[in-house]
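Structure file my_file35.cif (mmCIF, C-alpha atoms) is printed below.
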```cif
data_data
loop_
_atom_site.label_atom_id
_atom_site.label_comp_id
_atom_site.auth_asym_id
_atom_site.auth_seq_id
_atom_site.Cartn_x
_atom_site.Cartn_y
_atom_site.Cartn_z
CA MET H 1 -14.09 -7.24 10.25
CA ASN H 2 -12.40 -8.31 13.41
CA ARG H 3 -9.39 -6.78 15.12
CA GLN H 4 -7.02 -9.52 13.92
CA ASN H 5 -7.85 -8.71 10.28
CA TRP H 6 -6.99 -5.06 10.91
CA VAL H 7 -3.75 -6.03 12.68
CA GLU H 8 -2.70 -8.09 9.64
CA ILE H 9 -3.67 -5.28 7.27
CA ASP H 10 -1.68 -2.82 9.40
CA LEU H 11 1.39 -5.07 9.30
CA GLU H 12 1.14 -5.38 5.53
CA ILE H 13 0.86 -1.62 4.96
CA GLU H 14 3.90 -1.09 7.22
CA SER H 15 5.83 -3.58 5.11
CA LEU H 16 4.64 -1.99 1.87
CA CYS H 17 5.65 1.50 3.08
CA LYS H 18 9.14 0.24 3.89
CA LEU H 19 9.40 -1.51 0.53
CA HIS H 20 8.28 1.64 -1.27
CA ASP H 21 11.03 3.64 0.45
CA GLU H 22 13.57 1.07 -0.78
CA ALA H 23 12.07 1.00 -4.28
CA ILE H 24 12.37 4.66 -5.22
CA ALA H 25 15.57 4.10 -7.22
CA ASN H 26 15.48 0.31 -7.55
CA TYR H 27 13.52 -1.16 -10.46
CA GLU H 28 13.32 -4.70 -9.05
CA LYS H 29 12.03 -3.46 -5.69
CA CYS H 30 9.61 -1.17 -7.51
CA ARG H 31 8.17 -4.13 -9.43
CA GLU H 32 7.99 -6.12 -6.19
CA PHE H 33 6.12 -3.22 -4.58
CA ALA H 34 3.62 -3.05 -7.44
CA ASN H 35 3.07 -6.82 -7.34
CA ARG H 36 2.59 -6.89 -3.58
CA MET H 37 0.26 -3.89 -3.69
CA ALA H 38 -1.85 -5.68 -6.32
CA LEU H 39 -2.10 -8.74 -4.06
CA PHE H 40 -2.94 -6.50 -1.11
CA LEU H 41 -5.69 -4.84 -3.15
CA SER H 42 -7.17 -8.25 -3.92
CA GLU H 43 -7.07 -9.24 -0.24
CA LEU H 44 -8.74 -5.98 0.78
CA GLU H 45 -11.50 -6.54 -1.76
CA ASP H 46 -12.00 -10.11 -0.53
CA LEU H 47 -12.32 -8.79 3.04
CA GLY H 48 -14.85 -6.16 1.96
CA CYS H 49 -12.62 -3.19 2.83
CA GLN H 50 -13.76 -1.08 -0.11
CA SER H 51 -12.54 2.32 1.07
CA ILE H 52 -9.03 0.99 1.77
CA ALA H 53 -9.09 -1.06 -1.45
CA ASN H 54 -9.91 2.12 -3.37
CA MET H 55 -6.83 3.75 -1.88
CA ALA H 56 -4.71 0.78 -2.96
CA MET H 57 -6.16 1.05 -6.45
CA ASP H 58 -5.24 4.75 -6.59
CA ILE H 59 -1.67 3.88 -5.63
CA LEU H 60 -1.45 1.21 -8.32
CA MET H 61 -2.92 3.53 -10.93
CA PHE H 62 0.12 5.80 -10.70
CA CYS H 63 2.75 3.14 -9.98
CA ASN H 64 4.78 2.63 -13.14
CA PRO H 65 8.12 0.85 -12.59
CA LYS H 66 10.80 2.06 -15.02
CA VAL H 67 14.17 0.48 -15.75
CA ALA H 68 17.19 2.63 -14.86
CA SER H 69 15.10 5.57 -13.75
CA HIS H 70 14.20 7.30 -10.51
CA CYS H 71 10.47 7.22 -9.74
CA ASP H 72 9.07 10.62 -10.67
CA LYS H 73 5.90 10.04 -8.61
CA ALA H 74 7.58 8.73 -5.47
CA SER H 75 6.61 11.61 -3.18
CA MET H 76 3.00 11.58 -4.40
CA GLU H 77 2.80 7.81 -3.87
CA LYS H 78 4.39 8.14 -0.42
CA GLY H 79 1.67 10.64 0.49
CA ARG H 80 -1.00 8.20 -0.67
CA LEU H 81 0.63 5.39 1.33
CA ASP H 82 0.79 7.59 4.43
CA HIS H 83 -2.89 8.47 4.05
CA MET H 84 -3.78 4.79 3.61
CA LYS H 85 -1.69 3.87 6.65
CA ALA H 86 -3.46 6.52 8.76
CA GLU H 87 -6.89 5.21 7.71
CA ILE H 88 -5.90 1.64 8.57
CA GLU H 89 -4.58 2.72 11.96
CA LYS H 90 -7.85 4.57 12.57
CA LYS H 91 -9.85 1.40 11.77
CA LEU H 92 -7.55 -0.59 14.05
CA ARG H 93 -8.15 1.84 16.95
CA GLU H 94 -11.90 1.61 16.38
CA CYS H 95 -11.76 -2.18 16.89
CA LYS H 96 -10.50 -1.95 20.50
#
```

For the file at hand, write its structure as structure tokens.
Amino acid sequence: MNRQNWVEIDLEIESLCKLHDEAIANYEKCREFANRMALFLSELEDLGCQSIANMAMDILMFCNPKVASHCDKASMEKGRLDHMKAEIEKKLRECK
């Protein structure tokens, strides 16, 4: 993978982290997050980023949007997102 791919992946994870923060108590944003994460997972698989794709799959496995309810796994998912973000940033630094 080239540096530009990692830059785009880094931008997307930043956007997904922000959306997740907004989605904690917002069902529509939560569904949007789950949909975008699924698309991101597909893109990662297409690019051959298996370790990062596995992290995305773990996030999706526990993401369960609920109407009129606060996400009970929000802090766990945030931790997974932060770990994924750190791994992507590490890959980006390695491409310099």

Result set, the PyMOL selection byres ((chain H and resi 76) around 12) on current file, as a PyMOL selection string: chain H and resi 20+24+58-63+71-75+77-83

Residues near Ile88 of chain H, anyone? I mean within 12 Å using only C-alpha atoms, not counting same-chain ones fewer than 3 positions away, as a ChimeraX atom specification. /H:3,5-14,44,49,51-53,55-56,81-85,91-95

May I ask for the distance between atom CA of Met1 of chain H and atom CA of Asp21 of chain H, given in Å to one decimal place? 29.1 Å

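Counting only C-alpha atoms and comparing H:Gln4, H:Ser42, H:Ser15, H:Asn26, the residue that lies closest to Asn54 of chain H is H:Ser42.
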
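Of the listed residues (H:Met57, H:Glu89, H:Leu47, H:Cys17), H:Cys17 comes nearest to Phe33 of chain H; the distances count only C-alpha atoms.
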
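Atom CA of Leu19 of chain H is found 9.6 Å from atom CA of Arg36 of chain H.
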
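With atom CA of Asn64 of chain H on one side and atom CA of Gln50 of chain H on the other, the separation reads 23.0 Å.
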
N, CA and C atoms for segment 33-48 of chain H, written as a PDB file, in the coordinates of the input, could you do that?
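Ended up saving to out28.pdb:
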```pdb
ATOM      1  N   PHE H  33       7.121  -4.047  -5.250  1.00  0.00           N
ATOM      2  CA  PHE H  33       6.120  -3.220  -4.580  1.00  0.00           C
ATOM      3  C   PHE H  33       4.790  -3.259  -5.335  1.00  0.00           C
ATOM      4  N   ALA H  34       4.837  -3.059  -6.634  1.00  0.00           N
ATOM      5  CA  ALA H  34       3.620  -3.050  -7.440  1.00  0.00           C
ATOM      6  C   ALA H  34       2.902  -4.402  -7.361  1.00  0.00           C
ATOM      7  N   ASN H  35       3.668  -5.489  -7.429  1.00  0.00           N
ATOM      8  CA  ASN H  35       3.070  -6.820  -7.340  1.00  0.00           C
ATOM      9  C   ASN H  35       2.428  -7.061  -5.976  1.00  0.00           C
ATOM     10  N   ARG H  36       3.136  -6.692  -4.925  1.00  0.00           N
ATOM     11  CA  ARG H  36       2.590  -6.890  -3.580  1.00  0.00           C
ATOM     12  C   ARG H  36       1.384  -5.996  -3.320  1.00  0.00           C
ATOM     13  N   MET H  37       1.408  -4.779  -3.846  1.00  0.00           N
ATOM     14  CA  MET H  37       0.260  -3.890  -3.690  1.00  0.00           C
ATOM     15  C   MET H  37      -0.954  -4.456  -4.414  1.00  0.00           C
ATOM     16  N   ALA H  38      -0.745  -5.061  -5.576  1.00  0.00           N
ATOM     17  CA  ALA H  38      -1.850  -5.680  -6.320  1.00  0.00           C
ATOM     18  C   ALA H  38      -2.449  -6.840  -5.516  1.00  0.00           C
ATOM     19  N   LEU H  39      -1.607  -7.643  -4.902  1.00  0.00           N
ATOM     20  CA  LEU H  39      -2.100  -8.740  -4.060  1.00  0.00           C
ATOM     21  C   LEU H  39      -2.837  -8.200  -2.845  1.00  0.00           C
ATOM     22  N   PHE H  40      -2.310  -7.140  -2.258  1.00  0.00           N
ATOM     23  CA  PHE H  40      -2.940  -6.500  -1.110  1.00  0.00           C
ATOM     24  C   PHE H  40      -4.314  -5.962  -1.494  1.00  0.00           C
ATOM     25  N   LEU H  41      -4.410  -5.337  -2.655  1.00  0.00           N
ATOM     26  CA  LEU H  41      -5.690  -4.840  -3.150  1.00  0.00           C
ATOM     27  C   LEU H  41      -6.699  -5.981  -3.247  1.00  0.00           C
ATOM     28  N   SER H  42      -6.282  -7.094  -3.790  1.00  0.00           N
ATOM     29  CA  SER H  42      -7.170  -8.250  -3.920  1.00  0.00           C
ATOM     30  C   SER H  42      -7.637  -8.748  -2.551  1.00  0.00           C
ATOM     31  N   GLU H  43      -6.716  -8.808  -1.601  1.00  0.00           N
ATOM     32  CA  GLU H  43      -7.070  -9.240  -0.240  1.00  0.00           C
ATOM     33  C   GLU H  43      -8.062  -8.275   0.404  1.00  0.00           C
ATOM     34  N   LEU H  44      -7.841  -6.981   0.214  1.00  0.00           N
ATOM     35  CA  LEU H  44      -8.740  -5.980   0.780  1.00  0.00           C
ATOM     36  C   LEU H  44     -10.145  -6.122   0.186  1.00  0.00           C
ATOM     37  N   GLU H  45     -10.207  -6.354  -1.114  1.00  0.00           N
ATOM     38  CA  GLU H  45     -11.500  -6.540  -1.760  1.00  0.00           C
ATOM     39  C   GLU H  45     -12.197  -7.791  -1.228  1.00  0.00           C
ATOM     40  N   ASP H  46     -11.431  -8.867  -1.061  1.00  0.00           N
ATOM     41  CA  ASP H  46     -12.000 -10.110  -0.530  1.00  0.00           C
ATOM     42  C   ASP H  46     -12.548  -9.923   0.885  1.00  0.00           C
ATOM     43  N   LEU H  47     -11.889  -9.059   1.660  1.00  0.00           N
ATOM     44  CA  LEU H  47     -12.320  -8.790   3.040  1.00  0.00           C
ATOM     45  C   LEU H  47     -13.453  -7.777   3.107  1.00  0.00           C
ATOM     46  N   GLY H  48     -13.782  -7.153   1.980  1.00  0.00           N
ATOM     47  CA  GLY H  48     -14.850  -6.160   1.960  1.00  0.00           C
ATOM     48  C   GLY H  48     -14.433  -4.785   2.427  1.00  0.00           C
TER      49      GLY H  48
END
```
